[in-house]
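Participant: This is work00.tsv (TSV, C-alpha atoms).
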chain	number	residue	atom	x	y	z
N	814	MET	CA	14.24	-40.20	-11.70
N	815	LYS	CA	17.52	-39.07	-13.13
N	816	ARG	CA	16.16	-39.15	-16.63
N	817	ASN	CA	13.67	-36.37	-16.06
N	818	THR	CA	15.92	-33.56	-14.91
N	819	PRO	CA	14.44	-31.24	-17.57
N	820	LEU	CA	11.09	-31.61	-15.84
N	821	LEU	CA	12.75	-30.70	-12.54
N	822	THR	CA	14.22	-27.62	-14.22
N	823	LEU	CA	10.75	-26.63	-15.36
N	824	LEU	CA	9.19	-27.22	-11.95
N	825	ALA	CA	11.97	-25.35	-10.17
N	826	GLY	CA	11.57	-22.48	-12.60
N	827	THR	CA	7.84	-22.43	-12.02
N	828	LEU	CA	8.39	-22.30	-8.26
N	829	VAL	CA	10.85	-19.41	-8.62
N	830	ALA	CA	8.42	-17.54	-10.85
N	831	VAL	CA	5.54	-18.10	-8.44
N	832	GLY	CA	7.73	-16.85	-5.60
N	833	LEU	CA	8.63	-13.74	-7.56
N	834	PHE	CA	4.99	-13.10	-8.38
N	835	GLY	CA	4.19	-13.44	-4.69
N	836	ALA	CA	6.96	-11.03	-3.73
N	837	SER	CA	5.78	-8.58	-6.38
N	838	SER	CA	2.21	-8.65	-5.16
N	839	LEU	CA	3.48	-7.98	-1.63
N	840	ALA	CA	5.49	-5.06	-2.98
N	841	VAL	CA	2.39	-3.74	-4.69
N	842	SER	CA	0.08	-4.06	-1.72
N	843	SER	CA	2.54	-2.16	0.44
N	844	ALA	CA	2.97	0.55	-2.17
N	845	SER	CA	0.65	2.96	-3.79
N	846	SER	CA	-0.79	0.87	-6.54
N	847	THR	CA	-3.79	-0.35	-4.61
N	848	ALA	CA	-4.45	3.14	-3.41
N	849	GLU	CA	-4.19	4.39	-6.91
N	850	SER	CA	-6.71	2.03	-8.35
N	851	ALA	CA	-8.95	2.64	-5.39
N	852	ALA	CA	-8.62	6.37	-5.78
N	853	GLU	CA	-9.47	6.13	-9.39
N	854	THR	CA	-12.92	4.82	-8.63
N	855	PRO	CA	-14.65	7.89	-7.41
N	856	PRO	CA	-16.60	6.49	-4.42
N	857	ALA	CA	-13.60	4.58	-3.15
N	858	ALA	CA	-11.33	7.60	-3.26
N	859	VAL	CA	-12.73	8.96	-0.07
N	860	ALA	CA	-13.64	5.72	1.60
N	861	SER	CA	-10.49	3.73	1.06
N	862	PRO	CA	-8.13	3.87	4.04
N	863	SER	CA	-5.49	2.09	2.00
N	864	ALA	CA	-4.77	5.32	0.21
N	865	SER	CA	-3.18	6.94	3.21
N	866	PRO	CA	0.28	5.29	3.27
N	867	ALA	CA	0.80	5.78	-0.44
N	868	PRO	CA	3.94	7.75	-1.24
N	869	GLY	CA	2.85	8.78	-4.70
N	870	ALA	CA	0.28	11.07	-6.12
N	871	ALA	CA	-2.47	9.07	-4.52
N	872	ALA	CA	-1.20	9.94	-1.06
N	873	ASP	CA	-3.16	13.11	-0.94
N	874	ALA	CA	-6.49	11.55	-1.73
N	875	PRO	CA	-7.70	11.23	1.86
N	876	ALA	CA	-6.37	14.67	2.69
N	877	ALA	CA	-8.60	16.32	0.17
N	878	PRO	CA	-11.86	16.36	2.07
N	879	SER	CA	-10.22	17.53	5.29
N	880	PRO	CA	-11.17	21.21	4.93
N	881	SER	CA	-14.75	20.12	4.86
N	882	ALA	CA	-14.51	16.84	6.64
N	883	ALA	CA	-18.13	16.84	7.67
N	884	SER	CA	-19.47	17.15	4.16
N	885	ALA	CA	-16.91	14.84	2.67
N	886	ALA	CA	-18.73	11.68	3.64
N	887	ALA	CA	-21.99	13.10	2.42
N	888	ALA	CA	-20.56	14.16	-0.91
N	889	PRO	CA	-18.26	11.46	-2.23
N	890	ALA	CA	-17.80	13.46	-5.39
N	891	ALA	CA	-15.58	12.36	-8.23
N	892	LYS	CA	-12.41	13.73	-6.68
N	893	VAL	CA	-10.09	11.57	-8.67
N	894	THR	CA	-6.45	11.25	-7.71
N	895	ALA	CA	-4.42	9.17	-10.11
N	896	VAL	CA	-1.66	9.28	-12.67
N	897	TRP	CA	-1.86	7.71	-16.10
N	898	ALA	CA	1.08	7.56	-18.46
N	899	GLY	CA	1.89	5.81	-21.70
N	900	HIS	CA	2.59	6.17	-25.35
N	901	THR	CA	0.11	7.67	-27.74
N	902	ASP	CA	-1.31	5.26	-30.29
N	903	GLY	CA	1.37	4.48	-32.81
N	904	GLY	CA	4.08	5.41	-30.34
N	905	ALA	CA	4.91	8.81	-31.82
N	906	ALA	CA	4.63	10.62	-28.51
N	907	SER	CA	4.20	10.02	-24.81
N	908	ILE	CA	1.40	11.28	-22.65
N	909	ALA	CA	1.10	11.68	-18.90
N	910	ILE	CA	-2.08	12.70	-17.13
N	911	SER	CA	-1.91	13.60	-13.50
N	912	ALA	CA	-5.10	14.13	-11.52
N	913	LYS	CA	-5.34	15.36	-7.97
N	914	ASN	CA	-8.77	15.72	-6.43
N	915	GLY	CA	-10.28	16.08	-9.85
N	916	VAL	CA	-7.85	18.76	-11.00
N	917	VAL	CA	-5.80	17.52	-13.90
N	918	VAL	CA	-2.57	18.36	-15.65
N	919	ALA	CA	-1.68	16.56	-18.84
N	920	TYR	CA	1.48	16.65	-20.88
N	921	VAL	CA	2.08	15.33	-24.36
N	922	CYS	CA	5.61	15.21	-25.66
N	923	ASP	CA	7.43	13.63	-28.57
N	924	GLY	CA	10.90	14.87	-27.63
N	925	LYS	CA	10.67	17.89	-29.93
N	926	ARG	CA	7.34	19.51	-29.22
N	927	GLU	CA	5.18	19.53	-26.17
N	928	ILE	CA	1.64	20.31	-25.16
N	929	TRP	CA	0.66	21.26	-21.63
N	930	LEU	CA	-3.00	21.01	-20.71
N	931	GLN	CA	-5.04	21.66	-17.62
N	932	GLY	CA	-8.58	20.75	-16.76
N	933	THR	CA	-10.79	18.43	-14.78
N	934	ALA	CA	-11.57	14.77	-14.27
N	935	GLU	CA	-15.09	14.12	-13.16
N	936	ALA	CA	-17.47	11.21	-13.43
N	937	GLY	CA	-15.14	9.30	-15.70
N	938	GLN	CA	-14.65	12.21	-18.08
N	939	LEU	CA	-11.43	14.06	-18.80
N	940	SER	CA	-11.68	17.59	-20.13
N	941	LEU	CA	-8.56	19.70	-20.52
N	942	THR	CA	-7.42	22.68	-22.51
N	943	GLY	CA	-4.03	24.15	-23.29
N	944	ALA	CA	-2.35	27.00	-25.08
N	945	LYS	CA	-3.28	27.81	-28.69
N	946	GLY	CA	-6.57	25.96	-28.54
N	947	ALA	CA	-5.10	22.59	-27.51
N	948	LYS	CA	-7.70	20.17	-26.20
N	949	LEU	CA	-7.81	16.83	-24.46
N	950	VAL	CA	-11.07	14.92	-24.33
N	951	GLY	CA	-11.23	11.47	-22.86
N	952	THR	CA	-12.47	9.02	-20.32
N	953	PHE	CA	-10.92	7.19	-17.40
N	954	GLY	CA	-11.64	4.13	-15.32
N	955	GLY	CA	-10.67	0.51	-15.00
N	956	GLY	CA	-7.00	1.34	-14.56
N	957	LYS	CA	-6.60	3.38	-17.68
N	958	ALA	CA	-7.37	6.67	-19.35
N	959	LYS	CA	-8.12	7.01	-23.03
N	960	GLY	CA	-8.96	9.84	-25.33
N	961	THR	CA	-7.81	12.30	-27.93
N	962	VAL	CA	-5.49	15.28	-27.86
N	963	THR	CA	-5.71	17.92	-30.54
N	964	SER	CA	-3.50	20.95	-31.02
N	965	GLY	CA	-3.58	22.77	-34.32
N	966	SER	CA	-3.15	20.13	-37.00
N	967	VAL	CA	-1.69	17.62	-34.55
N	968	ARG	CA	-3.97	14.89	-33.29
N	969	TYR	CA	-3.09	12.04	-30.96
N	970	THR	CA	-5.25	9.24	-29.61
N	971	PHE	CA	-4.09	7.37	-26.54
N	972	THR	CA	-4.84	4.66	-24.02
N	973	ALA	CA	-2.63	5.09	-20.99
N	974	PRO	CA	-2.47	2.75	-17.98
N	975	ALA	CA	-2.52	4.00	-14.41
N	976	VAL	CA	1.01	4.26	-13.08
N	977	SER	CA	2.66	5.13	-9.81
N	978	LYS	CA	5.75	7.04	-8.84
N	979	PRO	CA	8.40	7.24	-10.20
N	980	SER	CA	6.42	6.76	-13.41
N	981	GLY	CA	4.45	9.80	-14.42
N	982	LEU	CA	4.94	13.46	-15.09
N	983	TYR	CA	7.78	15.74	-14.03
N	984	ARG	CA	8.11	19.47	-14.45
N	985	ALA	CA	10.85	21.95	-13.74
N	986	ALA	CA	10.71	25.73	-13.90
N	987	ALA	CA	13.83	27.69	-13.06
N	988	GLN	CA	16.03	30.61	-13.91
N	989	VAL	CA	19.35	29.40	-15.28
N	990	ARG	CA	21.86	32.13	-16.12
N	991	ASN	CA	19.14	34.72	-16.64
N	992	ALA	CA	17.21	32.39	-18.93
N	993	THR	CA	13.78	31.07	-18.14
N	994	VAL	CA	13.88	27.29	-18.27
N	995	VAL	CA	10.74	25.21	-18.28
N	996	GLY	CA	11.03	21.46	-18.70
N	997	GLY	CA	8.56	18.63	-18.85
N	998	TRP	CA	9.32	14.92	-18.68
N	999	ILE	CA	7.26	11.76	-18.94
N	1000	TYR	CA	8.78	8.75	-17.24
N	1001	LEU	CA	7.11	5.49	-18.20
N	1002	SER	CA	6.98	2.27	-16.25
N	1003	ASP	CA	9.17	0.56	-18.84
N	1004	GLY	CA	11.94	2.98	-17.87
N	1005	THR	CA	11.80	5.07	-20.99
N	1006	GLN	CA	11.43	8.80	-20.69
N	1007	VAL	CA	10.92	11.72	-23.00
N	1008	GLY	CA	11.10	15.39	-22.30
N	1009	VAL	CA	11.33	18.85	-23.73
N	1010	VAL	CA	13.08	21.77	-22.14
N	1011	THR	CA	12.14	25.27	-23.26
N	1012	ILE	CA	14.79	27.90	-22.73
N	1013	ASP	CA	13.49	31.44	-23.21
N	1014	GLY	CA	10.69	30.17	-25.39
N	1015	THR	CA	12.77	27.88	-27.59
N	1016	PRO	CA	11.96	24.19	-27.13
N	1017	SER	CA	14.50	21.41	-27.53
N	1018	THR	CA	14.93	17.79	-26.50
N	1019	ALA	CA	15.52	17.60	-22.76
N	1020	PRO	CA	18.35	15.65	-21.17
N	1021	PRO	CA	17.00	12.77	-19.07
N	1022	ILE	CA	16.10	13.29	-15.45
N	1023	ASP	CA	17.11	10.99	-12.66
N	1024	PRO	CA	13.71	9.58	-11.68
N	1025	ALA	CA	14.91	8.94	-8.14
N	1026	THR	CA	15.66	12.59	-7.43
N	1027	GLY	CA	14.28	14.55	-10.38
N	1028	ALA	CA	17.73	16.04	-10.94
N	1029	VAL	CA	18.66	17.11	-14.44
N	1030	THR	CA	21.48	19.20	-15.84
N	1031	VAL	CA	20.42	21.99	-18.17
N	1032	ASN	CA	23.09	24.24	-19.65
N	1033	GLY	CA	25.57	23.01	-17.08
N	1034	THR	CA	23.33	23.79	-14.14
N	1035	THR	CA	21.57	21.10	-12.16
N	1036	ILE	CA	17.91	21.80	-11.58
N	1037	THR	CA	15.31	19.59	-10.01
N	1038	ALA	CA	12.14	18.51	-11.74
N	1039	ALA	CA	9.20	17.98	-9.42
N	1040	TYR	CA	6.75	15.13	-9.71
N	1041	VAL	CA	3.48	16.64	-10.89
N	1042	ASP	CA	0.52	15.37	-8.92
N	1043	GLY	CA	-2.29	17.36	-10.45
N	1044	GLU	CA	-1.45	21.03	-10.03
N	1045	LEU	CA	1.19	23.17	-11.63
N	1046	SER	CA	3.21	25.02	-9.06
S	1245	MET	CA	-8.08	-55.39	-10.71
S	1246	SER	CA	-7.07	-53.00	-8.01
S	1247	LEU	CA	-5.04	-49.90	-8.54
S	1248	LEU	CA	-2.37	-51.21	-6.21
S	1249	SER	CA	-1.56	-54.11	-8.44
S	1250	ALA	CA	-1.04	-51.87	-11.44
S	1251	PRO	CA	2.56	-51.13	-12.39
S	1252	PRO	CA	3.71	-47.64	-11.36
S	1253	GLU	CA	4.28	-46.67	-14.96
S	1254	PRO	CA	2.77	-48.30	-17.99
S	1255	ALA	CA	5.86	-49.46	-19.82
S	1256	THR	CA	4.47	-48.99	-23.26
S	1257	THR	CA	7.06	-48.61	-25.95
S	1258	ARG	CA	6.13	-45.91	-28.37
S	1259	PRO	CA	6.83	-46.53	-31.99
S	1260	ALA	CA	5.46	-43.08	-32.73
S	1261	ARG	CA	8.13	-40.80	-34.05
S	1262	ALA	CA	7.73	-37.05	-34.35
S	1263	ALA	CA	4.17	-37.38	-33.09
S	1264	ALA	CA	5.57	-37.92	-29.59
S	1265	ALA	CA	6.56	-34.26	-29.60
S	1266	LEU	CA	3.02	-33.10	-30.15
S	1267	VAL	CA	1.90	-33.28	-26.53
S	1268	PRO	CA	4.90	-31.26	-25.24
S	1269	ILE	CA	4.37	-28.74	-28.03
S	1270	ALA	CA	0.69	-28.48	-27.13
S	1271	ILE	CA	1.58	-27.89	-23.48
S	1272	GLY	CA	4.17	-25.31	-24.53
S	1273	ALA	CA	1.59	-23.57	-26.70
S	1274	ALA	CA	-0.80	-23.51	-23.75
S	1275	VAL	CA	1.93	-21.89	-21.63
S	1276	SER	CA	2.49	-19.21	-24.29
S	1277	VAL	CA	-1.19	-18.46	-24.65
S	1278	GLY	CA	-1.67	-18.48	-20.89
S	1279	LEU	CA	1.16	-15.99	-20.34
S	1280	GLY	CA	-0.16	-13.74	-23.08
S	1281	PHE	CA	-3.65	-13.90	-21.64
S	1282	TYR	CA	-2.42	-13.08	-18.16
S	1283	GLY	CA	-0.28	-10.24	-19.51
S	1284	SER	CA	-3.31	-8.81	-21.28
S	1285	VAL	CA	-5.91	-9.01	-18.53
S	1286	HIS	CA	-3.75	-8.35	-15.48
S	1287	PRO	CA	-3.68	-4.59	-14.87
S	1288	ALA	CA	-0.17	-3.22	-15.04
S	1289	THR	CA	0.92	-2.31	-11.55
S	1290	GLY	CA	4.10	-0.42	-12.33
S	1291	ILE	CA	5.64	-2.01	-9.25
S	1292	ALA	CA	7.63	-5.16	-8.59
S	1293	VAL	CA	10.43	-6.32	-6.32
S	1294	GLY	CA	13.83	-4.87	-7.12
S	1295	ILE	CA	17.43	-5.88	-6.71
S	1296	ALA	CA	19.95	-3.73	-4.87
S	1297	GLY	CA	22.86	-2.18	-6.73
S	1298	PHE	CA	21.07	-0.98	-9.81
S	1299	SER	CA	19.71	2.49	-10.50
S	1300	SER	CA	16.30	1.15	-11.39
S	1301	LEU	CA	14.42	-2.05	-12.02
S	1302	VAL	CA	14.70	-1.54	-15.72
S	1303	TRP	CA	18.46	-1.80	-15.56
S	1304	VAL	CA	18.20	-4.93	-13.45
S	1305	LYS	CA	16.17	-6.40	-16.26
S	1306	VAL	CA	18.52	-5.13	-18.94
S	1307	TRP	CA	21.47	-6.86	-17.34
S	1308	THR	CA	19.80	-10.11	-16.31
S	1309	ALA	CA	18.43	-10.40	-19.84
S	1310	THR	CA	21.91	-9.72	-21.18
S	1311	ALA	CA	23.34	-12.45	-18.95
S	1312	ALA	CA	20.70	-14.84	-20.24
S	1313	ALA	CA	21.51	-13.89	-23.85
S	1314	VAL	CA	25.24	-14.50	-23.29
S	1315	LEU	CA	24.43	-17.90	-21.78
S	1316	ALA	CA	22.19	-18.57	-24.76
S	1317	VAL	CA	25.23	-18.21	-27.01
S	1318	VAL	CA	27.02	-20.74	-24.78
S	1319	GLN	CA	23.96	-22.92	-25.32
S	1320	LEU	CA	24.22	-22.64	-29.07
S	1321	VAL	CA	27.93	-23.48	-29.12
S	1322	THR	CA	27.71	-26.43	-26.73
S	1323	ALA	CA	24.61	-27.74	-28.49
S	1324	ARG	CA	26.48	-27.70	-31.77
S	1325	MET	CA	29.39	-29.55	-30.12
S	1326	MET	CA	27.10	-32.26	-28.77
S	1327	TRP	CA	26.10	-33.10	-32.31
S	1328	MET	CA	29.69	-33.56	-33.41
S	1329	PRO	CA	31.11	-37.09	-33.53
S	1330	THR	CA	33.66	-36.36	-30.84
S	1331	SER	CA	33.19	-33.91	-28.06
S	1332	GLY	CA	34.50	-33.65	-24.53
S	1333	ALA	CA	32.66	-35.09	-21.58
S	1334	TRP	CA	32.31	-31.57	-20.20
S	1335	VAL	CA	30.13	-30.37	-23.04
S	1336	ALA	CA	26.81	-31.86	-21.92
S	1337	PRO	CA	27.06	-30.64	-18.27
S	1338	VAL	CA	28.07	-27.17	-19.45
S	1339	HIS	CA	25.10	-27.14	-21.81
S	1340	ARG	CA	22.70	-28.21	-19.05
S	1341	TRP	CA	23.92	-25.84	-16.40
S	1342	SER	CA	24.31	-22.81	-18.65
S	1343	GLY	CA	20.77	-23.49	-19.79
S	1344	ARG	CA	19.43	-23.72	-16.26
S	1345	LEU	CA	21.22	-20.53	-15.32
S	1346	ALA	CA	19.94	-18.73	-18.40
S	1347	PHE	CA	16.40	-19.88	-17.59
S	1348	LEU	CA	16.85	-18.65	-14.01
S	1349	PHE	CA	17.95	-15.23	-15.29
S	1350	THR	CA	14.91	-14.92	-17.51
S	1351	LEU	CA	12.44	-15.55	-14.68
S	1352	PRO	CA	12.66	-12.23	-12.79
S	1353	VAL	CA	12.52	-10.41	-16.13
S	1354	MET	CA	9.43	-12.36	-17.15
S	1355	VAL	CA	7.72	-11.75	-13.83
S	1356	HIS	CA	8.43	-8.04	-13.93
S	1357	CYS	CA	7.32	-7.72	-17.55
S	1358	LEU	CA	4.08	-9.58	-16.95
S	1359	TYR	CA	3.23	-8.24	-13.55
S	1360	SER	CA	4.38	-4.68	-13.82
S	1361	ILE	CA	3.93	-3.85	-17.50
S	1362	GLY	CA	1.80	-6.50	-19.16
S	1363	PHE	CA	1.32	-7.43	-22.80
S	1364	SER	CA	2.11	-4.23	-24.68
S	1365	THR	CA	1.21	-3.27	-28.20
S	1366	PHE	CA	1.94	0.44	-28.24
S	1367	ASP	CA	4.64	0.11	-30.87
S	1368	LEU	CA	6.24	-2.56	-33.02
S	1369	ARG	CA	9.09	-3.14	-30.58
S	1370	SER	CA	6.85	-3.74	-27.60
S	1371	LEU	CA	4.51	-5.91	-29.65
S	1372	VAL	CA	7.35	-8.08	-30.98
S	1373	HIS	CA	8.83	-8.26	-27.49
S	1374	SER	CA	5.53	-9.29	-25.92
S	1375	VAL	CA	4.84	-11.97	-28.51
S	1376	LEU	CA	8.40	-13.33	-28.32
S	1377	GLY	CA	8.28	-13.34	-24.52
S	1378	CYS	CA	5.17	-15.50	-24.45
S	1379	PHE	CA	6.58	-17.69	-27.21
S	1380	PHE	CA	9.90	-18.15	-25.44
S	1381	PHE	CA	8.50	-19.65	-22.26
S	1382	GLY	CA	6.18	-21.90	-24.23
S	1383	ALA	CA	9.02	-23.07	-26.46
S	1384	PHE	CA	11.25	-23.63	-23.44
S	1385	THR	CA	8.53	-25.65	-21.73
S	1386	ALA	CA	8.09	-27.75	-24.86
S	1387	LYS	CA	11.82	-28.33	-25.09
S	1388	MET	CA	12.09	-29.44	-21.48
S	1389	LEU	CA	9.23	-31.87	-22.00
S	1390	ILE	CA	10.67	-33.19	-25.26
S	1391	LEU	CA	14.18	-33.74	-23.89
S	1392	PRO	CA	13.45	-37.01	-22.01
S	1393	LYS	CA	11.79	-38.53	-25.06
S	1394	LYS	CA	14.42	-40.68	-26.71
S	1395	ASP	CA	12.48	-41.97	-29.66
S	1396	LEU	CA	12.16	-38.74	-31.61
S	1397	PRO	CA	13.70	-37.98	-34.98
S	1398	GLY	CA	17.09	-36.31	-34.71
S	1399	TRP	CA	15.94	-32.97	-36.08
S	1400	VAL	CA	13.34	-32.29	-33.39
S	1401	LEU	CA	15.67	-31.10	-30.62
S	1402	PRO	CA	17.82	-28.85	-32.82
S	1403	VAL	CA	14.70	-27.24	-34.25
S	1404	ILE	CA	13.06	-26.53	-30.93
S	1405	GLY	CA	16.38	-25.55	-29.36
S	1406	GLY	CA	16.96	-23.18	-32.25
S	1407	LEU	CA	13.53	-21.65	-31.72
S	1408	VAL	CA	14.22	-21.13	-28.01
S	1409	PHE	CA	17.57	-19.54	-28.84
S	1410	THR	CA	16.13	-17.32	-31.56
S	1411	ALA	CA	13.30	-16.17	-29.31
S	1412	LEU	CA	15.68	-15.28	-26.49
S	1413	VAL	CA	18.01	-13.34	-28.77
S	1414	GLY	CA	14.99	-11.57	-30.24
S	1415	LEU	CA	13.81	-10.70	-26.74
S	1416	TRP	CA	17.21	-9.33	-25.87
S	1417	ALA	CA	17.36	-7.29	-29.08
S	1418	THR	CA	13.96	-5.72	-28.46
S	1419	SER	CA	14.72	-4.84	-24.82
S	1420	SER	CA	18.31	-4.73	-23.58
S	1421	ALA	CA	19.87	-3.81	-26.91
S	1422	TYR	CA	17.19	-1.16	-27.35
S	1423	MET	CA	18.00	0.28	-23.93
S	1424	PHE	CA	21.76	0.25	-24.64
S	1425	ALA	CA	21.14	1.99	-27.96
S	1426	THR	CA	18.84	4.66	-26.58
S	1427	GLU	CA	20.14	5.18	-23.06
S	1428	GLY	CA	23.76	4.04	-23.29
S	1429	ILE	CA	25.48	1.47	-21.10
S	1430	ARG	CA	24.25	2.00	-17.55
S	1431	PHE	CA	23.76	-0.02	-14.40
Since I need it in another form, could you write the structure as structure tokens?

Facilitator:
Amino acid sequence: MKRNTPLLTLLAGTLVAVGLFGASSLAVSSASSTAESAAETPPAAVASPSASPAPGAAADAPAAPSPSAASAAAAPAAKVTAVWAGHTDGGAASIAISAKNGVVVAYVCDGKREIWLQGTAEAGQLSLTGAKGAKLVGTFGGGKAKGTVTSGSVRYTFTAPAVSKPSGLYRAAAQVRNATVVGGWIYLSDGTQVGVVTIDGTPSTAPPIDPATGAVTVNGTTITAAYVDGELS
Amino acid sequence: MSLLSAPPEPATTRPARAAAALVPIAIGAAVSVGLGFYGSVHPATGIAVGIAGFSSLVWVKVWTATAAAVLAVVQLVTARMMWMPTSGAWVAPVHRWSGRLAFLFTLPVMVHCLYSIGFSTFDLRSLVHSVLGCFFFGAFTAKMLILPKKDLPGWVLPVIGGLVFTALVGLWATSSAYMFATEGIRF
């Protein structure tokens, strides 16, 4: 008995780990993750009632068909609501893709330069365009989005997992001391974030936002970055 | 011969030397591979249970991993002392309990990494961290299973203990130290 205390340590550790896994899965089922994965599968996006209590981007999924509630059931179109975020292949930049009812905003940022793109997500296909001929072509499904972003001579490939708030894309647009400030941030589920703030057309590395509130101090003034859920305000 | 008449444990003496460590090592390897497999196939949820008092889960992990790394240094020192000819009676209990505590600290980090993030390969740091994480729990399992075996060569425990220590320090360097270096000291 006494001799095998290491085995007890192992068993106790296993029990603790199993308990933590259980607690985590409870946390997930009560949060938006299930809704998100459900929303990502086009037919389930409308049908799934579990999407309704979600606080994140997925929360609006059931609200989408409400203007045409009668036709919504008949046309379970690919109105995808989901957020994917991750590093580009090789880790040089981060990418966040935010889809709301099939309307998509994507942001690619390496801390120095940024690319904003807008487009659609339908039937598993992502198709977005941005300024100066920037393009994003990709696919989504199975909890991830993958594809290619090109802008001028820059080319990124990516495979980004589905994430939920606070992970995802943040954007701020404000006037600070007569300067136009536009900032974009990608907050990843490992806690890392990257962002660029453009002041009167000049981009530079953005100070980090507080993911809880979106607050960030630019040039001594605190502005609030909003969580982007598919449409640019 | 009925089962009831059999002795509870077959009291076979094992002349085998280092070979006795093979089964624990095999089990440890299975743990490592199993964790890596789970981390690869389980979709990252981005969500896990948190602890109050920290700004975000990531900082909970940073500090619990740091606590485990500090205890790992205690492990190294007390382990070295146990192999000296004379050492205090307190050394072995301190080694055991600091080890248990360090193991306890690593568990929430492991669960969050596996459940919320998964096996990551997007850059060298995350790849090294993922591999080391799976290796660590396998090596720890092997060490726990090897400990009760008294008939092993003297070098077995130091080697496996050293591997466990090295893995944990590597894990800390590729996570907590990285966060301190890039984000500063936060809570």

Participant: So that I can check the surroundings of range 939-948 of chain N, please list as a list in words every protein, DNA and RNA residue that reaches within 8 Å of it, counting all atoms listed in the file and ignoring chain neighbours fewer than 4 positions away.

Facilitator: Val917, Val918, Ala919, Ile928, Trp929, Leu930, Gln931, Gly932, Thr933, Ala934, Glu935, Thr952, Phe953, Val962, Thr963, Ser964 and Gly965 of chain N

Participant: From the list S:Leu1407, S:Ala1264, S:Ala1270, S:Cys1357, which residue is nearest chain N when using only C-alpha atoms?

Facilitator: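 Among the listed residues, S:Cys1357 lies closest to chain N.
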
Participant: Find the distance between CA of Gly1033 in chain N and CA of Val989 in chain N and write it in Å to one decimal.

Facilitator: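 These two atoms are separated by 9.1 Å.
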
Participant: Between CA of Gly1428 in chain S and CA of Gly1283 in chain S, measure the distance and give it in Å to one decimal.

Facilitator: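 CA of Gly1283 in chain S lies at a distance of 28.2 Å from CA of Gly1428 in chain S.
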
Participant: Env of range 1365-1374 of chain S: 6 Å cut, atoms = all atoms listed in the file, seq-sep filter 3 positions within chain, self excluded. Answer as a PDB file with C-alpha atoms, in the coordinates of the input.

Facilitator:
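Final output, selection_35.pdb:
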ATOM      1  CA  GLY N 903       1.370   4.480 -32.810  1.00  0.00           C
ATOM      2  CA  GLY N 904       4.080   5.410 -30.340  1.00  0.00           C
TER       3      GLY N 904
ATOM      4  CA  GLY S1377       8.280 -13.340 -24.520  1.00  0.00           C
ATOM      5  CA  LEU S1415      13.810 -10.700 -26.740  1.00  0.00           C
ATOM      6  CA  THR S1418      13.960  -5.720 -28.460  1.00  0.00           C
TER       7      THR S1418
END

Participant: Grab the CA of Gly1414 in chain S to CA of Ala1313 in chain S distance for me, in Å with one decimal place.

Facilitator: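 Distance between the two atoms: 9.4 Å.
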
Participant: Could you give me, as a PyMOL selection string, the residues within 12 Å of Lys1393 in chain S, counting all atoms listed in the file and dropping anything in the same chain fewer than 2 positions from it?

Facilitator: (chain N and resi 816-817+819-820) or (chain S and resi 1257-1268+1386-1391+1395-1398+1400-1401)

Participant: Write out as number ranges by chain each polymer residue whose atoms come within 8 Å of range 1335-1351 of chain S, counting all atoms listed in the file; drop sequence neighbours fewer than 6 positions from it.

Facilitator: N: 822, 826, 829-830; S: 1308-1309, 1311-1313, 1315-1316, 1318-1319, 1322-1323, 1325-1326

Participant: Using all atoms listed in the file, I'd like every residue of chain N that has an atom within 9 Å of chain S; please write them out as an MDAnalysis selection string.

Facilitator: chainID N and resid 816:820 822:823 826:827 829:831 833:834 836:841 844:847 899:905 955:957 974:978 980 1001:1005 1024:1025

Participant: Tell me which protein, DNA and RNA residues are within 8 Å of Ser1420 in chain S, counting all atoms listed in the file, leaving out same-chain ones fewer than 6 positions away, and put them as a count of residues only.

Facilitator: 5

Participant: Taking the structure I provided as the source, export range 907-912 of chain N with N, CA, C and O atoms, as a PDB file, in the first residue's frame.

Facilitator:
ATOM      1  N   SER N 907      -1.221  37.179 -38.618  1.00  0.00           N
ATOM      2  CA  SER N 907      -2.436  36.600 -38.074  1.00  0.00           C
ATOM      3  C   SER N 907      -3.591  36.930 -38.998  1.00  0.00           C
ATOM      4  O   SER N 907      -3.561  37.933 -39.717  1.00  0.00           O
ATOM      5  N   ILE N 908      -4.602  36.076 -38.966  1.00  0.00           N
ATOM      6  CA  ILE N 908      -5.773  36.325 -39.783  1.00  0.00           C
ATOM      7  C   ILE N 908      -7.019  36.072 -38.950  1.00  0.00           C
ATOM      8  O   ILE N 908      -7.053  35.157 -38.130  1.00  0.00           O
ATOM      9  N   ALA N 909      -8.002  36.926 -39.121  1.00  0.00           N
ATOM     10  CA  ALA N 909      -9.298  36.719 -38.489  1.00  0.00           C
ATOM     11  C   ALA N 909     -10.365  36.902 -39.558  1.00  0.00           C
ATOM     12  O   ALA N 909     -10.301  37.826 -40.377  1.00  0.00           O
ATOM     13  N   ILE N 910     -11.308  35.978 -39.582  1.00  0.00           N
ATOM     14  CA  ILE N 910     -12.394  36.014 -40.550  1.00  0.00           C
ATOM     15  C   ILE N 910     -13.690  35.971 -39.764  1.00  0.00           C
ATOM     16  O   ILE N 910     -13.913  35.064 -38.969  1.00  0.00           O
ATOM     17  N   SER N 911     -14.509  36.965 -39.991  1.00  0.00           N
ATOM     18  CA  SER N 911     -15.728  37.076 -39.205  1.00  0.00           C
ATOM     19  C   SER N 911     -16.925  37.097 -40.153  1.00  0.00           C
ATOM     20  O   SER N 911     -17.063  37.998 -40.971  1.00  0.00           O
ATOM     21  N   ALA N 912     -17.765  36.071 -40.040  1.00  0.00           N
ATOM     22  CA  ALA N 912     -18.910  35.953 -40.930  1.00  0.00           C
ATOM     23  C   ALA N 912     -20.209  36.114 -40.149  1.00  0.00           C
ATOM     24  O   ALA N 912     -20.365  35.561 -39.063  1.00  0.00           O
TER      25      ALA N 912
END
